[in-house]
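Input: a single structure, listed below in structure tokens.
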Amino acid sequence: MINLQELRTRARDLLTKGEVRAVVGYRRGSRGMAAEPVVITRPEEAAQLVWDPSCVHNLALYLVEDRKLLKHRRQTPDKPIAIVAKGCDARAIVVLLQENYFKREEVYILGVSCEETGVFSDQKLMRRFGVNSQALTDARFDGTDYVVTSAEGEQRCAAREVMAERCLECRQPFPKVNDVVLGEEKARTLEAPFAALGRFEQTANTQVARWDFWKRQFDRCIRCFACRSVCPMCYCEECIVDSITFTVAPDTTAEEKANRVRWIQRSATGSENIGYHMTRALHLAGRCIDCGECERVCPVHIPLRLLNTKLERDAREKFGYEPGASIEVASLVSSFRDDDPNDFIR
Amino acid sequence: MTKKRTGVFVCHCGSNIAATVDVAAVAAAMAGEESVVCARDYVYMCSDPGQNSVIQAIKDNQLDSVVVSCCSPNLHEKTFRENAKAAGLNDFTCEIANIREQCSWVHKDRAKATAKAIRISLSAVKRVSRNLALEPIGIGVTRRVLVVGGGIAGIQASLDLANSGFEVVLVEKNATIGGHMIQLSETFPTLDCSQCILSPKMVEITRHPKITLMTSSEVQEVTGYVGNFRAKILKKATYVDPDKCKICDDCAKVCPVVVPNQYDLGISARRAIYIPFAQAIPASYTLDESSCLGLNPVVCGKCKDVCEAGAIDYDMQSRTVTEEIGAIVVATGFDLYSQDHLGEYGHLENAVDGLQFERMCSASGPTKGKVLRPSDHKEPKDVVFIQCVGSRDPARHCSYCSKICCMYTAKHARLYKHHVPDGRAYVFYIDIRSGGKGYEEFVQRTMEDDETLYLRGRVSKIYEDNGKIRVYGNDTLSGQNVEIEADMVVLALAMQPSAGTAEIAKTLKIGRDKDGFLQEAHPKLRPVESVTAGIFLAGAAQGPKDIPETVSQASAAAAKVVTLLSQPRLIRSPTVARVRSRLCTGCEMCVDACPYDAIHLENGKAVVNDVLCEGCGTCSATCVRAAIEVKNATPLQIQEMIGAVLSL
């Protein structure tokens with residue numbers, strides 16, 4: 001486990017010395033131990049920071065929000081922004097850096113290693129203890145088990161019973177790209193990568209069965225766009241699935257407004273929902289780093305990880321590509337290799 | 001948007017389209033579209049009356065856009081755009097609906113094909129309604145040419161171009177030009193001496209004021225575009241100054257290193273410092289770095305000590321030269337299929353390949369023109385020639401016919417009989433392919449005048465036995481099994497692209513075919529052009545061919561270059577990519593994806609170089625933000641075309 005005091009000291013020092021303009025991290029929420037994201041700008045606020053298995057959010061999203069706000073205000077930051085980043089958050093930051101969304105020197109990565117644990121799944125907590133993280137007052141990992149405290153008192157269970165699925169399958173719990181990192185890089189073998197996907201493919205093992213499965217999933221999508229809003233990779237100003245995001249600038253002509261391409265209608269009907277989710281999955285190919293946030297925030301529980309990890313696995317198997325592994329390499333869909341498995345181009 | 005006035009012209013293409021598609025129904029369906037004010041069909045729209053009717057209809061109906069439903073735009077897009085222009089419209093307000101290759105030729109059901117032709121035509125109507133009037137982009141031209149490869153193809157192309165008044169840079173990887181042709185003894189079908197007909201051309205290369213010859217050099221990088229390429233060429237150190245070298249041979253006499261001479265395909269040996277052959281161009285010795293004891297006077301230094309001319313310089317460095325050129329001719333030639341692939345044929349001491357046999361027969365060769373078998377240097381009395389070794393064997397080797405082997409085997413058999421009149425020559429063949437002026441007569445003379453025994457069939461077994469080679473086969477004409485006790489076997493190995501072909505194709509961004517030969521732009525109509533504008537192909541790098549064909553293709557490539565570089569300005573298509581700056585986040589995915597290096601970032605936004613852009617649309621497909629699109633093929637146009645095709 002990492003030393004929380006050290007995290008707070010690091011954050012405070014960064015703000016005291018004026019090295020960063022803000023720190024994005026987690027603090028205790030209003031109910032139970034459940035953490036919530038926070039942006040602190042004053043040194044004394046550093047005492048609010050927490051780091052525990054309820055820190056589920058991918059904070060890289062707030063770097064994107066910060067960029068959008070700066071752009072709106074026409075500001076150029078003079079200092080970097082610091083961010084508490086676990087393995088998956090750091091991978092997301094790598095993809096954003098790879099896509100030049102901001103520069104490396106504009107972000108200070110305060111890495112925290114998940115070591116051999118991960119974050120909770122509220123659904124799994126409910127299943128195991130009948131409460132979610134908002135009803136817990138404490139949780140710690142003792143090396144093999146989770147020890148959680150609630151109104152029922154102290155209870156124990158194996159880590160995998162309450163850990164989020166993506167953490168069980170995590171390829172890189174250690175934030176490789178960082179400015180400072182707390183905790184150690186530890187090998188872990190809870191579950192093989194893509195294990196959940198493999199189980200799904202064994203159950204739904206025909207094309208027809210899979211189509212039935214996905215039709216059922218997408219049919220209940222209410223198009224709240226929570227998955228898009230929570231995704232740090234969905235930072236396009238204009239999203240083709242949703243005409244209300246069309247940007248209008250002073251030089252936008254009436255004809256341009258009238259002629260906007262509406263590939264997908266906004267109505268939450270079957271075909272439009274499929275169009276939305278398939279487009280999103282393809283736009284995330286080689287970019288999704290499996291933080292699992294889309295699936296976590298879905299109010300109707302669509303298993304979006306299955307879709308995203310399928311593309312991730314294809315990219316790994318066919319092209320040896322790992323999203324979020326390196327800032328320097330070209331993105332999956334924009335690069336071509338001479339040993340490409342397809343021979344249609346030489 | 002003001003209402004469009006589109007005309008649709010549906011072509012019968014004789015019966016090519018009309019047999020499968022109800023062209024009148026297509027025209028009628030188009031006439032019912034809101035934006036279409038005129039729709040008609042005609043038997044040959046590309047004929048003179050057809051074209052005139054298009055021009056007249058544009059004028060009569062005050063059309064502002066034109067759709068021609070006919071063959072592929074590769075064929076007649078230009079024709080009908082010219083018609084639109086002649087009638088006063090912008091060229092780019094004319095689009096082609098391909099209802100032949102993409103419809104009538106691939107379908108049988110008339111009703112369904114007609115329905116499809118209607119949808120294809122409708123999608124073109126939708127597209128053209130949003131086409132912008134564009135002006136072609138004009139660019140300047142560098143009137144210099146790079147020729148890659150100094151074999152007969154490269155030599156011929158260089159001379160033709162230089163004689164047309166263009167400056168030529170001829171780059172050859174080896175120490176001398178001449179290629180494989182200079183290794184040959186005599187050439188079919190006239191049996192004139194190969195060296196005697198090629199060496200005058202080689203001399204002309206060095207003497208020509210317009211030609212810069214760079215031997216021991218390789219093209220490393222080519223950037224730019226048609227008319228304006230920039231090539232980086234690595235000139236490797238040869239450690240001998242060709243201007244000072246007197247070719248006195250003193251250095252080779254003292255050199256202690258002996259290695260196989262690759263010019264004689266290992267039949268003879270040479271020193272580390274050597275001249276490939278007497279007529280080598282440039283006429284100079286060259287020091288082979290890989291076999292020299294170390295370019296270090298402390299270790300050896302004998303050659304430098306004896307060189308009175310002071311031509312040897314161990315400190316000579318490789319250097320990179322940059323050349324500005326307007327066009328490139330690629331003539332990188334062939335290699336023989338490696339004997340290593342051949343299993344039991346491959347490692348017989350007395351089985352030689354065609355080029356080794358040529359060296360033996362050559363008057364200037366290692367045996368001074370005597371046919372001697374490698375193991376004991378005795379004159380072979382029974383020689384078996386085997387054709388199609390590695391060719392026409394899709395299961396194990398190359399599926400293609402190497403084209404020249406029938407002829408050179410006939411030539412080899414004759415040369416052998418001329419050198420060893422009492423010897424016996426046998427040829428195993430599958431078919432004899434002797435198409436070409438004087439070729440069939442040549443083969444007949446080999447059989448009749450020179451008494452060569454032709455056996456139709458493949459060799460079934462071959463092995464060394466007591467100093468002889470036993471060759472088993474079947475003569476399929478007589479149905480007899482054949483067994484020959486041969487002194488020597490000559491293998492007519494397949495031709496394959498030379499070792500560096502893949503590399504140069506990658507450097508130049510030109511395609512290769514399934515066998516690895518350089519891909520021509522069109523197999524029939526553009527046989528000497530590569531798929532990349534401004535780069536032309538000559539010789540065996542494009543496919544197996546003999547000397548007359550190679551020379552023809554080299555001259556053809558030169559003529560194409562002259563055509564290109566004679567234009568005052570080159571016209572580039574204006575249907576290039578355009579960045580929607582507001583949406584661009586500067587992720588650089590398009591920069592990485594662009595095959596033409598046409599996109600770069602400026603102030604964090606993508607910018608397209610209109611001249612480099614080929615309008616391929618890869619950037620548009622890559623951009624997840626839809627921030628880049630190709631003019632006249634915008635997402636809106638594509639969406640409306642899809643809508644038309646799906647009848648939405």
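Starting from 1 in every chain, residues are counted up; chains themselves are A, B, ... following the order of the structure tokens, and ligands are numbered from 1 as listed.
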
Contact residues (chain A, partner chain B, 8 Å, only C-alpha atoms) as JSON, numbers by chain: {"A": [98, 99, 100, 101, 236, 237, 238, 239, 255, 259, 260, 261, 263, 283, 330, 331, 333, 334, 335, 336, 345, 346]}

Keeping N, CA and C atoms, export the residues of the selection given above as a short mmCIF file (atom, residue, chain, number, x, y, z; two decimals), in the first residue's frame.
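Result file part.cif:
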data_model
loop_
_atom_site.label_atom_id
_atom_site.label_comp_id
_atom_site.auth_asym_id
_atom_site.auth_seq_id
_atom_site.Cartn_x
_atom_site.Cartn_y
_atom_site.Cartn_z
N GLN A 98 0.09 11.21 -26.89
CA GLN A 98 0.37 10.68 -28.21
C GLN A 98 -0.42 11.47 -29.26
N GLU A 99 -1.61 11.89 -28.89
CA GLU A 99 -2.47 12.64 -29.82
C GLU A 99 -2.28 14.14 -29.70
N ASN A 100 -1.19 14.54 -29.05
CA ASN A 100 -0.86 15.97 -28.91
C ASN A 100 -1.98 16.77 -28.27
N TYR A 101 -2.79 16.15 -27.42
CA TYR A 101 -3.89 16.93 -26.85
C TYR A 101 -3.35 18.00 -25.91
N CYS A 236 -13.69 14.98 -28.86
CA CYS A 236 -14.00 15.74 -30.08
C CYS A 236 -14.99 16.85 -29.73
N GLU A 237 -14.80 17.98 -30.40
CA GLU A 237 -15.75 19.07 -30.18
C GLU A 237 -17.09 18.74 -30.80
N GLU A 238 -17.01 18.11 -31.97
CA GLU A 238 -18.23 17.80 -32.69
C GLU A 238 -18.33 16.29 -32.73
N CYS A 239 -19.47 15.76 -32.25
CA CYS A 239 -19.63 14.31 -32.26
C CYS A 239 -20.70 13.95 -33.28
N GLU A 255 -25.61 27.76 -44.87
CA GLU A 255 -25.60 26.55 -45.67
C GLU A 255 -24.87 25.42 -44.94
N ASN A 259 -26.36 21.91 -43.90
CA ASN A 259 -25.81 20.72 -44.55
C ASN A 259 -25.02 19.82 -43.63
N ARG A 260 -25.21 19.95 -42.36
CA ARG A 260 -24.45 19.09 -41.46
C ARG A 260 -24.81 17.63 -41.67
N VAL A 261 -23.78 16.81 -41.59
CA VAL A 261 -24.00 15.39 -41.85
C VAL A 261 -24.59 14.75 -40.61
N TRP A 263 -25.18 11.41 -39.56
CA TRP A 263 -24.99 9.98 -39.81
C TRP A 263 -25.92 9.16 -38.92
N HIS A 283 -14.03 4.20 -32.99
CA HIS A 283 -13.22 5.40 -32.75
C HIS A 283 -12.29 5.21 -31.56
N ALA A 330 3.33 5.84 -33.45
CA ALA A 330 2.14 6.35 -34.15
C ALA A 330 0.93 5.54 -33.70
N SER A 331 -0.25 6.18 -33.73
CA SER A 331 -1.47 5.50 -33.30
C SER A 331 -1.76 4.29 -34.18
N VAL A 333 -4.43 3.22 -35.84
CA VAL A 333 -5.09 3.34 -37.15
C VAL A 333 -4.37 4.29 -38.10
N SER A 334 -3.34 4.97 -37.64
CA SER A 334 -2.67 5.88 -38.57
C SER A 334 -1.33 5.33 -39.01
N SER A 335 -1.01 4.11 -38.60
CA SER A 335 0.31 3.59 -38.95
C SER A 335 0.19 2.35 -39.81
N PHE A 336 1.25 2.12 -40.59
CA PHE A 336 1.29 0.95 -41.44
C PHE A 336 2.64 0.29 -41.26
N ILE A 345 -1.63 -4.73 -49.70
CA ILE A 345 -0.80 -3.58 -50.01
C ILE A 345 0.65 -3.98 -49.80
N ARG A 346 1.53 -3.55 -50.71
CA ARG A 346 2.94 -3.86 -50.55
C ARG A 346 3.77 -2.61 -50.60
#

Just the residues within 9 Å of Gly18 (chain A), please, counting only C-alpha atoms, with nothing from its chain fewer than 4 positions along; format it as a list in words.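 Listing them by chain and then by number gives Asp13, Leu14 and Lys79 of chain A.
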
Please produce a file of those selected residues containing N, CA and C atoms, as a tab-separated table (two decimals), in the first residue's frame.
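Contents of result-v6.tsv, as written:
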chain	number	residue	atom	x	y	z
A	13	ASP	N	3.49	20.26	-1.37
A	13	ASP	CA	4.75	20.90	-1.78
A	13	ASP	C	4.65	21.47	-3.19
A	14	LEU	N	4.03	20.72	-4.07
A	14	LEU	CA	3.89	21.20	-5.45
A	14	LEU	C	3.14	22.52	-5.49
A	79	LYS	N	1.81	27.13	-16.04
A	79	LYS	CA	2.34	26.04	-15.21
A	79	LYS	C	1.60	24.75	-15.54

Could you pull out the alpha helix (DSSP H) residues of region 147-260 of chain A, going by DSSP on the backbone, and write them as a ChimeraX atom specification? /A:159-162,165-168,195-203,207-219,226-230,254-258

Could those residues be written to a file, using N, CA, C and O atoms, as a compact mmCIF listing (two decimals), in the first residue's frame?
# COMPACT_ATOMS: atom_id res chain seq x y z
N ALA A 159 -9.69 -10.54 -2.47
CA ALA A 159 -9.69 -9.32 -3.29
C ALA A 159 -10.54 -9.47 -4.53
O ALA A 159 -11.35 -8.60 -4.86
N ARG A 160 -10.41 -10.59 -5.20
CA ARG A 160 -11.08 -10.74 -6.49
C ARG A 160 -12.59 -10.73 -6.38
O ARG A 160 -13.29 -10.47 -7.36
N GLU A 161 -13.10 -11.01 -5.18
CA GLU A 161 -14.56 -11.06 -5.03
C GLU A 161 -15.20 -9.69 -5.16
O GLU A 161 -16.37 -9.57 -5.51
N VAL A 162 -14.46 -8.64 -4.79
CA VAL A 162 -15.06 -7.30 -4.84
C VAL A 162 -14.33 -6.36 -5.80
O VAL A 162 -14.72 -5.21 -5.98
N GLU A 165 -13.71 -5.81 -12.49
CA GLU A 165 -13.25 -6.80 -13.48
C GLU A 165 -11.99 -6.34 -14.22
O GLU A 165 -11.05 -7.09 -14.43
N ARG A 166 -11.97 -5.07 -14.63
CA ARG A 166 -10.82 -4.57 -15.40
C ARG A 166 -9.56 -4.56 -14.55
O ARG A 166 -8.46 -4.67 -15.07
N CYS A 167 -9.72 -4.42 -13.19
CA CYS A 167 -8.53 -4.46 -12.33
C CYS A 167 -8.00 -5.89 -12.23
O CYS A 167 -6.79 -6.11 -12.19
N LEU A 168 -8.92 -6.85 -12.21
CA LEU A 168 -8.48 -8.25 -12.19
C LEU A 168 -7.66 -8.56 -13.44
O LEU A 168 -6.70 -9.32 -13.40
N ALA A 195 -9.94 -11.93 -20.01
CA ALA A 195 -10.60 -13.13 -19.50
C ALA A 195 -12.12 -13.03 -19.62
O ALA A 195 -12.78 -13.98 -20.05
N ALA A 196 -12.66 -11.87 -19.28
CA ALA A 196 -14.12 -11.71 -19.35
C ALA A 196 -14.60 -11.84 -20.80
O ALA A 196 -15.62 -12.48 -21.07
N LEU A 197 -13.82 -11.27 -21.72
CA LEU A 197 -14.16 -11.36 -23.14
C LEU A 197 -14.15 -12.83 -23.58
O LEU A 197 -15.04 -13.28 -24.29
N GLY A 198 -13.13 -13.55 -23.14
CA GLY A 198 -13.04 -14.97 -23.47
C GLY A 198 -14.25 -15.73 -22.96
O GLY A 198 -14.80 -16.57 -23.67
N ARG A 199 -14.66 -15.43 -21.74
CA ARG A 199 -15.84 -16.12 -21.18
C ARG A 199 -17.08 -15.81 -22.01
O ARG A 199 -17.88 -16.68 -22.31
N PHE A 200 -17.21 -14.54 -22.38
CA PHE A 200 -18.37 -14.14 -23.19
C PHE A 200 -18.38 -14.90 -24.52
O PHE A 200 -19.40 -15.43 -24.95
N GLU A 201 -17.20 -14.99 -25.14
CA GLU A 201 -17.15 -15.64 -26.46
C GLU A 201 -17.43 -17.13 -26.37
O GLU A 201 -17.88 -17.73 -27.33
N GLN A 202 -17.14 -17.71 -25.22
CA GLN A 202 -17.46 -19.13 -25.06
C GLN A 202 -18.95 -19.34 -24.87
O GLN A 202 -19.52 -20.32 -25.34
N THR A 203 -19.59 -18.39 -24.17
CA THR A 203 -21.04 -18.51 -23.95
C THR A 203 -21.80 -18.21 -25.24
O THR A 203 -22.59 -19.01 -25.71
N GLN A 207 -22.21 -16.39 -34.29
CA GLN A 207 -22.48 -15.02 -34.73
C GLN A 207 -23.91 -14.61 -34.36
O GLN A 207 -24.15 -13.50 -33.92
N VAL A 208 -24.83 -15.56 -34.53
CA VAL A 208 -26.24 -15.26 -34.24
C VAL A 208 -26.42 -14.97 -32.76
O VAL A 208 -27.07 -13.98 -32.37
N ALA A 209 -25.79 -15.81 -31.92
CA ALA A 209 -25.93 -15.62 -30.48
C ALA A 209 -25.37 -14.27 -30.06
O ALA A 209 -25.94 -13.56 -29.22
N ARG A 210 -24.23 -13.90 -30.67
CA ARG A 210 -23.62 -12.62 -30.30
C ARG A 210 -24.46 -11.45 -30.76
O ARG A 210 -24.63 -10.45 -30.04
N TRP A 211 -25.00 -11.58 -31.94
CA TRP A 211 -25.85 -10.49 -32.44
C TRP A 211 -27.08 -10.34 -31.55
O TRP A 211 -27.46 -9.21 -31.19
N ASP A 212 -27.68 -11.46 -31.17
CA ASP A 212 -28.84 -11.41 -30.26
C ASP A 212 -28.46 -10.72 -28.96
O ASP A 212 -29.20 -9.86 -28.45
N PHE A 213 -27.30 -11.11 -28.45
CA PHE A 213 -26.83 -10.53 -27.19
C PHE A 213 -26.70 -9.02 -27.30
O PHE A 213 -27.25 -8.26 -26.50
N TRP A 214 -26.00 -8.58 -28.35
CA TRP A 214 -25.76 -7.13 -28.48
C TRP A 214 -27.02 -6.35 -28.81
O TRP A 214 -27.19 -5.22 -28.36
N LYS A 215 -27.89 -6.97 -29.58
CA LYS A 215 -29.16 -6.29 -29.87
C LYS A 215 -29.92 -6.03 -28.57
O LYS A 215 -30.47 -4.96 -28.34
N ARG A 216 -29.90 -7.04 -27.71
CA ARG A 216 -30.59 -6.92 -26.42
C ARG A 216 -29.94 -5.80 -25.58
O ARG A 216 -30.63 -5.01 -24.95
N GLN A 217 -28.63 -5.75 -25.65
CA GLN A 217 -27.94 -4.72 -24.86
C GLN A 217 -28.26 -3.32 -25.39
O GLN A 217 -28.64 -2.42 -24.62
N PHE A 218 -28.14 -3.17 -26.71
CA PHE A 218 -28.29 -1.82 -27.27
C PHE A 218 -29.75 -1.37 -27.28
O PHE A 218 -30.02 -0.17 -27.25
N ASP A 219 -30.65 -2.33 -27.33
CA ASP A 219 -32.07 -1.97 -27.32
C ASP A 219 -32.43 -1.14 -26.09
O ASP A 219 -33.32 -0.31 -26.14
N ALA A 226 -23.71 9.07 -21.14
CA ALA A 226 -22.83 9.06 -19.97
C ALA A 226 -21.49 8.42 -20.33
O ALA A 226 -20.43 8.88 -19.92
N CYS A 227 -21.52 7.35 -21.16
CA CYS A 227 -20.29 6.68 -21.55
C CYS A 227 -19.37 7.64 -22.29
O CYS A 227 -18.15 7.65 -22.10
N ARG A 228 -19.96 8.46 -23.16
CA ARG A 228 -19.15 9.41 -23.91
C ARG A 228 -18.62 10.52 -23.00
O ARG A 228 -17.47 10.92 -23.10
N SER A 229 -19.48 10.97 -22.08
CA SER A 229 -19.07 12.07 -21.21
C SER A 229 -17.94 11.68 -20.28
O SER A 229 -17.10 12.50 -19.93
N VAL A 230 -17.91 10.41 -19.85
CA VAL A 230 -16.93 10.01 -18.86
C VAL A 230 -15.61 9.58 -19.52
O VAL A 230 -14.60 9.44 -18.85
N ALA A 254 -24.94 29.71 -43.09
CA ALA A 254 -26.26 29.08 -42.96
C ALA A 254 -26.28 27.77 -43.73
O ALA A 254 -26.87 26.78 -43.28
N GLU A 255 -25.61 27.76 -44.87
CA GLU A 255 -25.60 26.55 -45.67
C GLU A 255 -24.87 25.42 -44.94
O GLU A 255 -25.31 24.28 -44.93
N GLU A 256 -23.75 25.77 -44.29
CA GLU A 256 -23.03 24.78 -43.50
C GLU A 256 -23.92 24.22 -42.40
O GLU A 256 -23.91 23.02 -42.14
N LYS A 257 -24.65 25.11 -41.75
CA LYS A 257 -25.54 24.65 -40.68
C LYS A 257 -26.57 23.68 -41.24
O LYS A 257 -26.86 22.65 -40.65
N ALA A 258 -27.12 24.05 -42.39
CA ALA A 258 -28.18 23.22 -42.98
C ALA A 258 -27.63 21.88 -43.48
O ALA A 258 -28.33 20.88 -43.47

For region 448-457 of chain B, list every protein, DNA or RNA residue within 10 Å, evaluated using only C-alpha atoms, and leave out those in the same chain fewer than 5 positions away; present the list as a tab-separated table (two decimals) with N, CA and C atoms, in the first residue's frame.
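Written out: around_16.tsv:
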chain	number	residue	atom	x	y	z
B	384	VAL	N	23.42	-32.10	-70.31
B	384	VAL	CA	21.96	-32.03	-70.23
B	384	VAL	C	21.56	-30.61	-69.83
B	385	PHE	N	20.68	-30.04	-70.64
B	385	PHE	CA	20.14	-28.71	-70.33
B	385	PHE	C	18.73	-28.90	-69.81
B	386	ILE	N	18.43	-28.33	-68.64
B	386	ILE	CA	17.08	-28.50	-68.08
B	386	ILE	C	16.39	-27.14	-68.05
B	387	GLN	N	15.24	-27.07	-68.69
B	387	GLN	CA	14.47	-25.82	-68.71
B	387	GLN	C	13.50	-25.76	-67.55
B	410	ALA	N	18.31	-22.94	-75.94
B	410	ALA	CA	18.61	-23.28	-77.34
B	410	ALA	C	19.96	-22.69	-77.74
B	413	ALA	N	22.78	-24.66	-76.05
B	413	ALA	CA	23.01	-25.94	-76.72
B	413	ALA	C	23.84	-25.73	-77.98
B	414	ARG	N	23.51	-24.67	-78.71
B	414	ARG	CA	24.26	-24.40	-79.94
B	414	ARG	C	25.68	-23.99	-79.64
B	415	LEU	N	25.85	-23.11	-78.64
B	415	LEU	CA	27.21	-22.68	-78.29
B	415	LEU	C	28.04	-23.88	-77.88
B	416	TYR	N	27.42	-24.78	-77.12
B	416	TYR	CA	28.14	-25.98	-76.68
B	416	TYR	C	28.58	-26.80	-77.88
B	417	LYS	N	27.64	-26.98	-78.82
B	417	LYS	CA	27.97	-27.80	-79.99
B	417	LYS	C	29.05	-27.12	-80.85
B	418	HIS	N	29.06	-25.79	-80.83
B	418	HIS	CA	30.09	-25.10	-81.60
B	418	HIS	C	31.45	-25.25	-80.93
B	421	PRO	N	32.24	-29.96	-80.93
B	421	PRO	CA	31.44	-30.51	-82.04
B	421	PRO	C	31.11	-31.99	-81.85
B	423	GLY	N	30.43	-33.40	-79.02
B	423	GLY	CA	29.64	-33.58	-77.80
B	423	GLY	C	28.18	-33.82	-78.12
B	424	ARG	N	27.46	-34.30	-77.11
B	424	ARG	CA	26.01	-34.54	-77.28
B	424	ARG	C	25.25	-33.62	-76.33
B	425	ALA	N	24.26	-32.92	-76.88
B	425	ALA	CA	23.46	-32.00	-76.05
B	425	ALA	C	22.03	-32.51	-75.96
B	426	TYR	N	21.50	-32.51	-74.75
B	426	TYR	CA	20.12	-32.92	-74.52
B	426	TYR	C	19.39	-31.77	-73.83
B	427	VAL	N	18.14	-31.54	-74.21
B	427	VAL	CA	17.35	-30.48	-73.56
B	427	VAL	C	16.06	-31.09	-73.03
B	428	PHE	N	15.81	-30.95	-71.75
B	428	PHE	CA	14.50	-31.32	-71.19
B	428	PHE	C	13.64	-30.07	-71.15
B	429	TYR	N	12.42	-30.15	-71.69
B	429	TYR	CA	11.57	-28.96	-71.73
B	429	TYR	C	10.13	-29.35	-71.45
B	430	ILE	N	9.32	-28.37	-71.06
B	430	ILE	CA	7.87	-28.61	-70.90
B	430	ILE	C	7.17	-28.20	-72.20
B	431	ASP	N	7.41	-26.93	-72.58
B	431	ASP	CA	6.95	-26.44	-73.88
B	431	ASP	C	8.10	-25.61	-74.41
B	432	ILE	N	8.09	-25.37	-75.71
B	432	ILE	CA	9.08	-24.43	-76.24
B	432	ILE	C	8.34	-23.15	-76.61
B	442	PHE	N	15.45	-20.05	-84.91
B	442	PHE	CA	16.66	-20.28	-84.13
B	442	PHE	C	16.59	-21.63	-83.42
B	443	VAL	N	15.43	-21.89	-82.79
B	443	VAL	CA	15.26	-23.15	-82.06
B	443	VAL	C	15.32	-24.32	-83.04
B	473	GLY	N	14.45	-39.17	-66.70
B	473	GLY	CA	13.32	-38.35	-67.09
B	473	GLY	C	12.39	-39.16	-67.95
B	474	ASN	N	11.36	-38.49	-68.41
B	474	ASN	CA	10.41	-39.19	-69.26
B	474	ASN	C	10.19	-38.35	-70.50
B	475	ASP	N	10.36	-38.97	-71.67
B	475	ASP	CA	10.06	-38.25	-72.90
B	475	ASP	C	8.58	-38.48	-73.20
B	476	THR	N	7.76	-37.47	-72.93
B	476	THR	CA	6.31	-37.68	-73.03
B	476	THR	C	5.86	-37.81	-74.49
B	477	LEU	N	6.70	-37.46	-75.43
B	477	LEU	CA	6.30	-37.61	-76.84
B	477	LEU	C	6.40	-39.07	-77.28
B	478	SER	N	7.49	-39.74	-76.86
B	478	SER	CA	7.64	-41.14	-77.25
B	478	SER	C	7.09	-42.07	-76.17
B	479	GLY	N	6.85	-41.51	-74.99
B	479	GLY	CA	6.36	-42.35	-73.90
B	479	GLY	C	7.45	-43.18	-73.25
B	481	ASN	N	10.88	-43.90	-70.96
B	481	ASN	CA	11.70	-43.39	-69.88
B	481	ASN	C	13.11	-43.16	-70.43
B	482	VAL	N	13.74	-42.10	-69.96
B	482	VAL	CA	15.05	-41.74	-70.47
B	482	VAL	C	16.05	-41.74	-69.32

Show which residues sit within 12 Å of Gly118 (chain A), as a PyMOL selection string. Count only C-alpha atoms, and ignore same-chain residues fewer than 6 positions away. chain A and resi 1+51-57+86-88+112+140-141+146+159-174+188+190+291

Between B:Phe92, B:Tyr463, B:Phe334, B:Trp105, single out the one closest to Glu135 (chain B), counting only C-alpha atoms.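 With only C-alpha atoms as the atom set, the closest residue is B:Phe92.
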
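Comparing the minimum interatomic distances between Glu485 (chain B) and each of B:Ala175, B:Val471, B:Leu342, B:Ile152, counting only C-alpha atoms, we find that B:Val471 sits nearest.
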
Can you tell me which residues surround Ile197 (chain B) at a distance of at most 10 Å, considering only C-alpha atoms, apart from same-chain residues fewer than 3 positions away, and format the answer as a list of chain:residue names?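 Those residues are B:Met181, B:Ile182, B:Glu186, B:Thr187, B:Asp192, B:Cys193, B:Ser194, B:Pro200, B:Lys201, B:Met202.
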